[in-house]
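Below: one structure, written as structure tokens.
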Amino acid sequence: MCGIVGYVGKHPVTRVLIEGLRRLEYRGYDSAGVTVVKDGQFQTLKSTERVEALAKDVAKAKLQGTYGIAHTRWATHGGVTLANAHPHHSSDGLFSLAHNGVIENYLKIKKFLLEKGYTFQSETDTEVLVNLIAYHYQKQPVAADKNRFLESVRRSLRHVEGTYGIAVICKEHLGEIVAARRGSPLILGVGDGEHIIASDVAAIALHTQSVVYLNDEEIVHVTDKDFSLSTIDEDDIEAVIHTVDWSIEEAELGAFKHYMEKEIFDQPVALENAMRGRFSDDGSTSKFGGLNLSPQELRQVDRILFCACGTAWHACLVAEYLIERYARIPVEVEYASEFRYRNAPLDKNTLVFILSQSGETIDTLGALREAKRKGHKTLAIVNVVGSTIAREADGGIYQHAGPEIGVASTKAFTSQVMVAAMMALHLGRIRDMSYSEGQAFVEALKQVPAQVQSILDQSEAIKAIALKYVDAEDFLFLGRQNLFPIALEGALKLKEVSYIHAEGYPAAEMKHGPIALISPECPSVFLVAQEDTYQKTISNIQEVKARKGRVIAIAHEGGDFPKDLVDDLILIPECHPAVQPILATIPVQLMAYAIAAARGCDVDKPRNLAKSVTVE
Ligand code: F6R
């Protein structure tokens, strides 16, 4: 959460910074601000509205400079006010700083600084940090070498508890930016006569494809022509420059109104990309290049733990059903935020899987580090290439879903489920799954993009159904077995983008409490499996109808579903049971989007949310 960007180079700085903020806005949109340096002075503009409002103010004020920093905020310490918006200046006016993260011991440091005469304009932890830098700067001899700025940041960070990705500038060191990270992502873009620092490659890729991923406890000193990387403890580091394959076009909205809508429609391609090159030549299993585990080592695994947050956690629940059913390995699923503090006893042959679209979610990263500390092998399923989780896991699988900009995750979810299904196949085939079962599984996976497309082709009809329920204030989503996680995901999608209260339950659990909510005002979306629990789910629908509840059913074509039993029916293709969670997801995403858009909600930037949650 929060996006920071800093630029020094040959291009007009305000344009670069504002463009960077536009691409980082998904990380938080409570306020935005920019500081540029002109004639040795800070020029700062802030807005408590979105980046577009800041962009207009910047244009109106004809703000110009030679280099600078900028920030888009997801509020933690202090409300959404101009005073709390970043960048923050030190009270002596020498430093300006943009920060992503939380300084946990800020009150203690603030007390110390107040006693030294420093003053504060905001309620933020960030203003404490910038003043601590000013304090350390003043403590060093004036004749200190040219590294006085860098050293003052380094010394300050040694006193800080918590997380940070920061970019700092100093009036007495013109043309220099110092940036550092612990727990919050930070990337340096290395250009020809220019450098750009940002929380995400998205803000960098317009300028250069050459990047250095900073690790925790690393600090970088940057000018237009040069940069030097070291640790907070002063050890010099040889920077490794990576080339990113990040296409700007993929992140463009095109003809769509919202990123959420675009990303729902991206799914056939995203699913195809998740599979590309990942099936064995004999078409009976899947293969992954980056697992760093041999089939023999995988054979030793007798338990799997999946950790993630939010939508990715729902994908873990699907993985549990698939791996237990097809590979017969016991699976547990934990919220990453709970696992990292729970000290759960794990058998030594437990393999830990970490799922994260962004690869930066702090709780998920914490769970990964905890599992590694305990000596477990860790594998990550991640979308963002080069992200911290991708770099720190022992091995992993990239989703290749392309950039996901809408705050509500859509294509990343179905692509995670696709990778999980391929992993179930892979693990199954090195255990008891037969060659012919493997081949049937592969064939089923290959059909998914076209099947998803056929559901997307019904989007207008699904939208028309959704709009009948646009005024509901409560919804239930009900499904059994591997469709139960899709009930949870359907409820989450609807509530986060439309602010309608929604709950997901296993359909049979409804009788144990939630049935009390059933009324004509509280519609239920039933996800109906093709096999096993089909008849049982129909009985659950009967129970809702008997209580005058309105029902939208999502069921498979080719069955004998009693159409007249329900108010609305959405049909999805017949399929292998392993892939029905992917197909059943598409209608619930389309419904959530249609309802939220019709209610005039800010679909891509729902209130209070941010993508990539980098605070605990
Ligand atoms: C919901 C949503 C969130 C994320 C969660 C984990 O639509 O997007 O619940 O799934 O914050 O994010 P990642 O996958 O980036 O770790």
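Starting from 1 in every chain, residues are counted up; chains themselves are A, B, ... following the order of the structure tokens, and ligands are numbered from 1 as listed.
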Hey, what's within 8 Å of Thr35 of chain A if we count only C-alpha atoms and toss same-chain stuff fewer than 6 positions away? As a PDB file with N, CA and C atoms, in the first residue's frame, please?
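Written output follows (selection.pdb):
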```pdb
ATOM      1  N   PHE A  42      12.425  23.323  -2.667  1.00  0.00           N
ATOM      2  CA  PHE A  42      11.368  22.315  -2.830  1.00  0.00           C
ATOM      3  C   PHE A  42      10.082  22.998  -3.300  1.00  0.00           C
ATOM      4  N   GLN A  43       9.469  22.428  -4.317  1.00  0.00           N
ATOM      5  CA  GLN A  43       8.134  22.862  -4.748  1.00  0.00           C
ATOM      6  C   GLN A  43       7.223  21.668  -4.481  1.00  0.00           C
ATOM      7  N   THR A  44       6.293  21.827  -3.549  1.00  0.00           N
ATOM      8  CA  THR A  44       5.453  20.683  -3.169  1.00  0.00           C
ATOM      9  C   THR A  44       3.989  20.982  -3.432  1.00  0.00           C
ATOM     10  N   LEU A  45       3.301  20.015  -4.013  1.00  0.00           N
ATOM     11  CA  LEU A  45       1.845  20.112  -4.185  1.00  0.00           C
ATOM     12  C   LEU A  45       1.225  18.820  -3.700  1.00  0.00           C
ATOM     13  N   GLY A  68      12.820  14.927  -8.487  1.00  0.00           N
ATOM     14  CA  GLY A  68      11.857  14.987  -7.399  1.00  0.00           C
ATOM     15  C   GLY A  68      11.326  13.622  -6.985  1.00  0.00           C
ATOM     16  N   ILE A  69      10.373  13.678  -6.042  1.00  0.00           N
ATOM     17  CA  ILE A  69       9.759  12.455  -5.508  1.00  0.00           C
ATOM     18  C   ILE A  69       8.234  12.648  -5.458  1.00  0.00           C
ATOM     19  N   ALA A  70       7.513  11.547  -5.398  1.00  0.00           N
ATOM     20  CA  ALA A  70       6.046  11.646  -5.357  1.00  0.00           C
ATOM     21  C   ALA A  70       5.465  10.439  -4.637  1.00  0.00           C
ATOM     22  N   PRO A  87       4.674  14.076  -0.056  1.00  0.00           N
ATOM     23  CA  PRO A  87       5.900  13.963   0.729  1.00  0.00           C
ATOM     24  C   PRO A  87       5.871  14.857   1.967  1.00  0.00           C
ATOM     25  N   SER A  96      12.928  16.202   2.118  1.00  0.00           N
ATOM     26  CA  SER A  96      11.560  15.824   1.754  1.00  0.00           C
ATOM     27  C   SER A  96      11.558  14.316   1.517  1.00  0.00           C
TER      28      SER A  96
END
```
Exercise: Glu272 of chain A partners within 10 Å, only C-alpha atoms, chain neighbours under 6 positions left out, as a VMD selection string: chain A and resid 400 to 401 415 418 445 to 450
Counting only C-alpha atoms, the option among A:Ala472, A:Ile586, A:Ile430, A:Val613 closest to Ser294 of chain A: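 Among the listed residues, A:Ile430 lies closest to Ser294 of chain A.
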Near-Leu583 of chain A list (8 Å; only C-alpha atoms; drop same-chain fewer than 2 positions) as JSON, numbers by chain: {"A": [448, 451, 452, 455, 572, 573, 579, 580, 581, 585, 586, 587]}
Sorted per-residue table, chain A near ligand 1, closest atoms and distance, 10 Å, only C-alpha atoms and all ligand atoms, as JSON lines:
```
{"residue": "A:Met260", "atom": "CA", "partner": "ligand 1", "partner_atom_place_in_ligand_line": "7 (O)", "distance": 10.0}
{"residue": "A:Cys307", "atom": "CA", "partner": "ligand 1", "partner_atom_place_in_ligand_line": "16 (O)", "distance": 9.7}
{"residue": "A:Ala308", "atom": "CA", "partner": "ligand 1", "partner_atom_place_in_ligand_line": "16 (O)", "distance": 6.4}
{"residue": "A:Cys309", "atom": "CA", "partner": "ligand 1", "partner_atom_place_in_ligand_line": "6 (C)", "distance": 4.6}
{"residue": "A:Gly310", "atom": "CA", "partner": "ligand 1", "partner_atom_place_in_ligand_line": "9 (O)", "distance": 3.2}
{"residue": "A:Thr311", "atom": "CA", "partner": "ligand 1", "partner_atom_place_in_ligand_line": "10 (O)", "distance": 3.6}
{"residue": "A:Ala312", "atom": "CA", "partner": "ligand 1", "partner_atom_place_in_ligand_line": "10 (O)", "distance": 4.6}
{"residue": "A:Trp313", "atom": "CA", "partner": "ligand 1", "partner_atom_place_in_ligand_line": "10 (O)", "distance": 7.1}
{"residue": "A:His314", "atom": "CA", "partner": "ligand 1", "partner_atom_place_in_ligand_line": "10 (O)", "distance": 8.3}
{"residue": "A:Ala315", "atom": "CA", "partner": "ligand 1", "partner_atom_place_in_ligand_line": "10 (O)", "distance": 9.1}
{"residue": "A:Ala336", "atom": "CA", "partner": "ligand 1", "partner_atom_place_in_ligand_line": "16 (O)", "distance": 9.4}
{"residue": "A:Ile354", "atom": "CA", "partner": "ligand 1", "partner_atom_place_in_ligand_line": "16 (O)", "distance": 8.9}
{"residue": "A:Leu355", "atom": "CA", "partner": "ligand 1", "partner_atom_place_in_ligand_line": "14 (O)", "distance": 6.4}
{"residue": "A:Ser356", "atom": "CA", "partner": "ligand 1", "partner_atom_place_in_ligand_line": "14 (O)", "distance": 3.4}
{"residue": "A:Gln357", "atom": "CA", "partner": "ligand 1", "partner_atom_place_in_ligand_line": "14 (O)", "distance": 3.6}
{"residue": "A:Ser358", "atom": "CA", "partner": "ligand 1", "partner_atom_place_in_ligand_line": "15 (O)", "distance": 3.6}
{"residue": "A:Gly359", "atom": "CA", "partner": "ligand 1", "partner_atom_place_in_ligand_line": "15 (O)", "distance": 5.7}
{"residue": "A:Glu360", "atom": "CA", "partner": "ligand 1", "partner_atom_place_in_ligand_line": "15 (O)", "distance": 6.3}
{"residue": "A:Thr361", "atom": "CA", "partner": "ligand 1", "partner_atom_place_in_ligand_line": "16 (O)", "distance": 4.6}
{"residue": "A:Ile362", "atom": "CA", "partner": "ligand 1", "partner_atom_place_in_ligand_line": "16 (O)", "distance": 8.0}
{"residue": "A:Asp363", "atom": "CA", "partner": "ligand 1", "partner_atom_place_in_ligand_line": "16 (O)", "distance": 8.3}
{"residue": "A:Thr364", "atom": "CA", "partner": "ligand 1", "partner_atom_place_in_ligand_line": "16 (O)", "distance": 6.4}
{"residue": "A:Leu365", "atom": "CA", "partner": "ligand 1", "partner_atom_place_in_ligand_line": "16 (O)", "distance": 8.5}
{"residue": "A:Ile381", "atom": "CA", "partner": "ligand 1", "partner_atom_place_in_ligand_line": "14 (O)", "distance": 9.4}
{"residue": "A:Val382", "atom": "CA", "partner": "ligand 1", "partner_atom_place_in_ligand_line": "14 (O)", "distance": 7.7}
{"residue": "A:Asn383", "atom": "CA", "partner": "ligand 1", "partner_atom_place_in_ligand_line": "14 (O)", "distance": 8.2}
{"residue": "A:Val384", "atom": "CA", "partner": "ligand 1", "partner_atom_place_in_ligand_line": "15 (O)", "distance": 8.7}
{"residue": "A:Ile389", "atom": "CA", "partner": "ligand 1", "partner_atom_place_in_ligand_line": "16 (O)", "distance": 9.2}
{"residue": "A:Glu404", "atom": "CA", "partner": "ligand 1", "partner_atom_place_in_ligand_line": "8 (O)", "distance": 9.4}
{"residue": "A:Ile405", "atom": "CA", "partner": "ligand 1", "partner_atom_place_in_ligand_line": "8 (O)", "distance": 9.9}
{"residue": "A:Gly406", "atom": "CA", "partner": "ligand 1", "partner_atom_place_in_ligand_line": "8 (O)", "distance": 8.3}
{"residue": "A:Val407", "atom": "CA", "partner": "ligand 1", "partner_atom_place_in_ligand_line": "8 (O)", "distance": 5.7}
{"residue": "A:Ala408", "atom": "CA", "partner": "ligand 1", "partner_atom_place_in_ligand_line": "7 (O)", "distance": 3.5}
{"residue": "A:Ser409", "atom": "CA", "partner": "ligand 1", "partner_atom_place_in_ligand_line": "7 (O)", "distance": 3.9}
{"residue": "A:Thr410", "atom": "CA", "partner": "ligand 1", "partner_atom_place_in_ligand_line": "7 (O)", "distance": 6.9}
{"residue": "A:Ala412", "atom": "CA", "partner": "ligand 1", "partner_atom_place_in_ligand_line": "14 (O)", "distance": 7.7}
{"residue": "A:Phe413", "atom": "CA", "partner": "ligand 1", "partner_atom_place_in_ligand_line": "10 (O)", "distance": 7.7}
{"residue": "A:Gln416", "atom": "CA", "partner": "ligand 1", "partner_atom_place_in_ligand_line": "14 (O)", "distance": 9.2}
{"residue": "A:Glu489", "atom": "CA", "partner": "ligand 1", "partner_atom_place_in_ligand_line": "7 (O)", "distance": 8.1}
{"residue": "A:Gly490", "atom": "CA", "partner": "ligand 1", "partner_atom_place_in_ligand_line": "7 (O)", "distance": 9.8}
{"residue": "A:Leu492", "atom": "CA", "partner": "ligand 1", "partner_atom_place_in_ligand_line": "1 (C)", "distance": 6.9}
{"residue": "A:Lys493", "atom": "CA", "partner": "ligand 1", "partner_atom_place_in_ligand_line": "7 (O)", "distance": 6.0}
{"residue": "A:Leu494", "atom": "CA", "partner": "ligand 1", "partner_atom_place_in_ligand_line": "7 (O)", "distance": 9.4}
{"residue": "A:Lys495", "atom": "CA", "partner": "ligand 1", "partner_atom_place_in_ligand_line": "7 (O)", "distance": 9.7}
{"residue": "A:Glu496", "atom": "CA", "partner": "ligand 1", "partner_atom_place_in_ligand_line": "7 (O)", "distance": 7.1}
{"residue": "A:Val497", "atom": "CA", "partner": "ligand 1", "partner_atom_place_in_ligand_line": "7 (O)", "distance": 8.6}
{"residue": "A:Leu609", "atom": "CA", "partner": "ligand 1", "partner_atom_place_in_ligand_line": "3 (C)", "distance": 8.9}
{"residue": "A:Ala610", "atom": "CA", "partner": "ligand 1", "partner_atom_place_in_ligand_line": "11 (O)", "distance": 8.0}
{"residue": "A:Lys611", "atom": "CA", "partner": "ligand 1", "partner_atom_place_in_ligand_line": "11 (O)", "distance": 6.3}
{"residue": "A:Ser612", "atom": "CA", "partner": "ligand 1", "partner_atom_place_in_ligand_line": "15 (O)", "distance": 5.0}
{"residue": "A:Val613", "atom": "CA", "partner": "ligand 1", "partner_atom_place_in_ligand_line": "11 (O)", "distance": 5.7}
{"residue": "A:Thr614", "atom": "CA", "partner": "ligand 1", "partner_atom_place_in_ligand_line": "11 (O)", "distance": 9.1}
```
Ile570 of chain A environment, 7 Å, only C-alpha atoms, sequence neighbours closer than 5 positions dropped, as a ChimeraX atom specification: /A:553-555
Selection above as a file: N, CA and C atoms, as an mmCIF file, in the first residue's frame:
```cif
data_model
loop_
_atom_site.group_PDB
_atom_site.id
_atom_site.type_symbol
_atom_site.label_atom_id
_atom_site.label_comp_id
_atom_site.auth_asym_id
_atom_site.auth_seq_id
_atom_site.Cartn_x
_atom_site.Cartn_y
_atom_site.Cartn_z
ATOM 1 N N ALA A 553 -29.175 -19.585 -10.023
ATOM 2 C CA ALA A 553 -28.347 -20.796 -10.033
ATOM 3 C C ALA A 553 -27.336 -20.722 -11.168
ATOM 4 N N ILE A 554 -26.138 -21.181 -10.863
ATOM 5 C CA ILE A 554 -25.100 -21.333 -11.899
ATOM 6 C C ILE A 554 -24.880 -22.843 -12.015
ATOM 7 N N ALA A 555 -25.324 -23.410 -13.116
ATOM 8 C CA ALA A 555 -25.273 -24.867 -13.260
ATOM 9 C C ALA A 555 -24.690 -25.220 -14.633
#
```
Residue among A:Leu590, A:Val528, A:Ile595, A:Ala444 lying closest to Glu460 of chain A, counting only C-alpha atoms: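 Comparing A:Leu590, A:Val528, A:Ile595, A:Ala444 against Glu460 of chain A, the winner is A:Leu590.
Within the 8 Å cut-off around Pro506 of chain A, using only C-alpha atoms and omitting residues fewer than 4 positions from it on the same chain, the listed residues are Leu478, Gly479, Arg480, Gln481, Phe484, Ala487 and Met510 of chain A.
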Strand (DSSP E) per DSSP on the backbone: members of segment 147-345 of chain A, as number ranges by chain: A: 164-170, 177-182, 187-190, 195-198, 210-213, 218-222, 227-231, 242-243, 303-308, 331-335
d(atom CA of Ile103 of chain A, atom CA of His195 of chain A) in Å: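 These atoms are spaced 26.5 Å apart.
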Who sits within 9 Å of Ile397 of chain A, only C-alpha atoms, same chain under 3 positions skipped, as an NGL selection string: :A and (288-291 or 379-383 or 390 or 419)
Same residues, N, CA and C atoms, saved as a PDB file, in the first residue's frame:
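So the final result, stored in part.pdb, reads:
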```pdb
ATOM      1  N   PHE A 288       6.959 -28.089 -14.684  1.00  0.00           N
ATOM      2  CA  PHE A 288       7.253 -26.721 -14.269  1.00  0.00           C
ATOM      3  C   PHE A 288       8.764 -26.552 -14.190  1.00  0.00           C
ATOM      4  N   GLY A 289       9.256 -25.472 -14.781  1.00  0.00           N
ATOM      5  CA  GLY A 289      10.701 -25.271 -14.817  1.00  0.00           C
ATOM      6  C   GLY A 289      11.315 -24.863 -13.502  1.00  0.00           C
ATOM      7  N   GLY A 290      10.572 -24.122 -12.691  1.00  0.00           N
ATOM      8  CA  GLY A 290      11.233 -23.449 -11.558  1.00  0.00           C
ATOM      9  C   GLY A 290      10.991 -24.060 -10.189  1.00  0.00           C
ATOM     10  N   LEU A 291      10.574 -25.336 -10.140  1.00  0.00           N
ATOM     11  CA  LEU A 291      10.246 -25.893  -8.816  1.00  0.00           C
ATOM     12  C   LEU A 291      11.481 -26.122  -7.959  1.00  0.00           C
ATOM     13  N   LEU A 379       7.433 -23.167  -1.973  1.00  0.00           N
ATOM     14  CA  LEU A 379       7.191 -22.902  -3.390  1.00  0.00           C
ATOM     15  C   LEU A 379       6.161 -21.782  -3.481  1.00  0.00           C
ATOM     16  N   ALA A 380       6.338 -20.901  -4.449  1.00  0.00           N
ATOM     17  CA  ALA A 380       5.401 -19.784  -4.578  1.00  0.00           C
ATOM     18  C   ALA A 380       4.712 -19.806  -5.927  1.00  0.00           C
ATOM     19  N   ILE A 381       3.436 -19.483  -5.908  1.00  0.00           N
ATOM     20  CA  ILE A 381       2.705 -19.233  -7.156  1.00  0.00           C
ATOM     21  C   ILE A 381       2.425 -17.734  -7.174  1.00  0.00           C
ATOM     22  N   VAL A 382       3.074 -17.048  -8.092  1.00  0.00           N
ATOM     23  CA  VAL A 382       3.103 -15.580  -8.062  1.00  0.00           C
ATOM     24  C   VAL A 382       2.855 -15.058  -9.471  1.00  0.00           C
ATOM     25  N   ASN A 383       2.201 -13.898  -9.551  1.00  0.00           N
ATOM     26  CA  ASN A 383       2.008 -13.304 -10.878  1.00  0.00           C
ATOM     27  C   ASN A 383       3.107 -12.309 -11.234  1.00  0.00           C
ATOM     28  N   ALA A 390       8.491 -13.976  -5.011  1.00  0.00           N
ATOM     29  CA  ALA A 390       9.067 -14.784  -6.095  1.00  0.00           C
ATOM     30  C   ALA A 390      10.564 -14.962  -5.882  1.00  0.00           C
ATOM     31  N   VAL A 419      -3.138 -22.950 -12.157  1.00  0.00           N
ATOM     32  CA  VAL A 419      -1.818 -23.465 -11.762  1.00  0.00           C
ATOM     33  C   VAL A 419      -1.989 -24.533 -10.672  1.00  0.00           C
TER      34      VAL A 419
END
```
Distance in Å - atom CA of Gly189 of chain A versus atom CA of Val211 of chain A: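 Between atom CA of Gly189 of chain A and atom CA of Val211 of chain A the gap works out to 4.5 Å.
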Nearest to Val80 of chain A by atom-to-atom distance, counting only C-alpha atoms, from A:Arg158, A:Arg299, A:Arg23, A:Lys46: A:Lys46
Secondary structure check, helix (DSSP H, G or I) residues of segment 257-315 of chain A, as a list in words: Tyr259, Met260, Glu261, Lys262, Glu263, Ile264, Phe265, Gln267, Pro268, Val269, Ala270, Leu271, Glu272, Asn273, Ala274, Met275, Pro295, Gln296, Glu297, Leu298, Arg299, Gln300, Gly310, Thr311, Ala312, Trp313, His314 and Ala315 of chain A
Segment 243-254 of chain A surroundings by only C-alpha atoms, 9 Å radius, close-in-sequence under 5 positions cut, as a list in words: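 With the cut-off at 9 Å, the set is Arg23, Val201, Ala202, Ala205, Leu206, Thr208, Gln209, Ser210, Val211, Val212, Tyr259, Lys262, Val385, Gly386, Gly402, Pro403, Glu404 and Ile405 of chain A.
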Minimum-distance residue to Arg182 of chain A, chosen among A:Cys170, A:Ile197, A:Ala507, A:Ile219 (using only C-alpha atoms): A:Ile219
Gap from atom CA of Asp567 of chain A to atom CA of Ile552 of chain A - Å, one decimal: 5.9 Å
For Val130 of chain A, the nearest of the candidates A:Asp560, A:Asp457, A:Asp92, A:Glu297, counting only C-alpha atoms: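 For Val130 of chain A, the nearest of the candidates is A:Asp92.
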Of the listed residues A:Val352, A:Ala597, A:Ala424, A:Val16, that which approaches Thr378 of chain A most closely, counting only C-alpha atoms: A:Val352
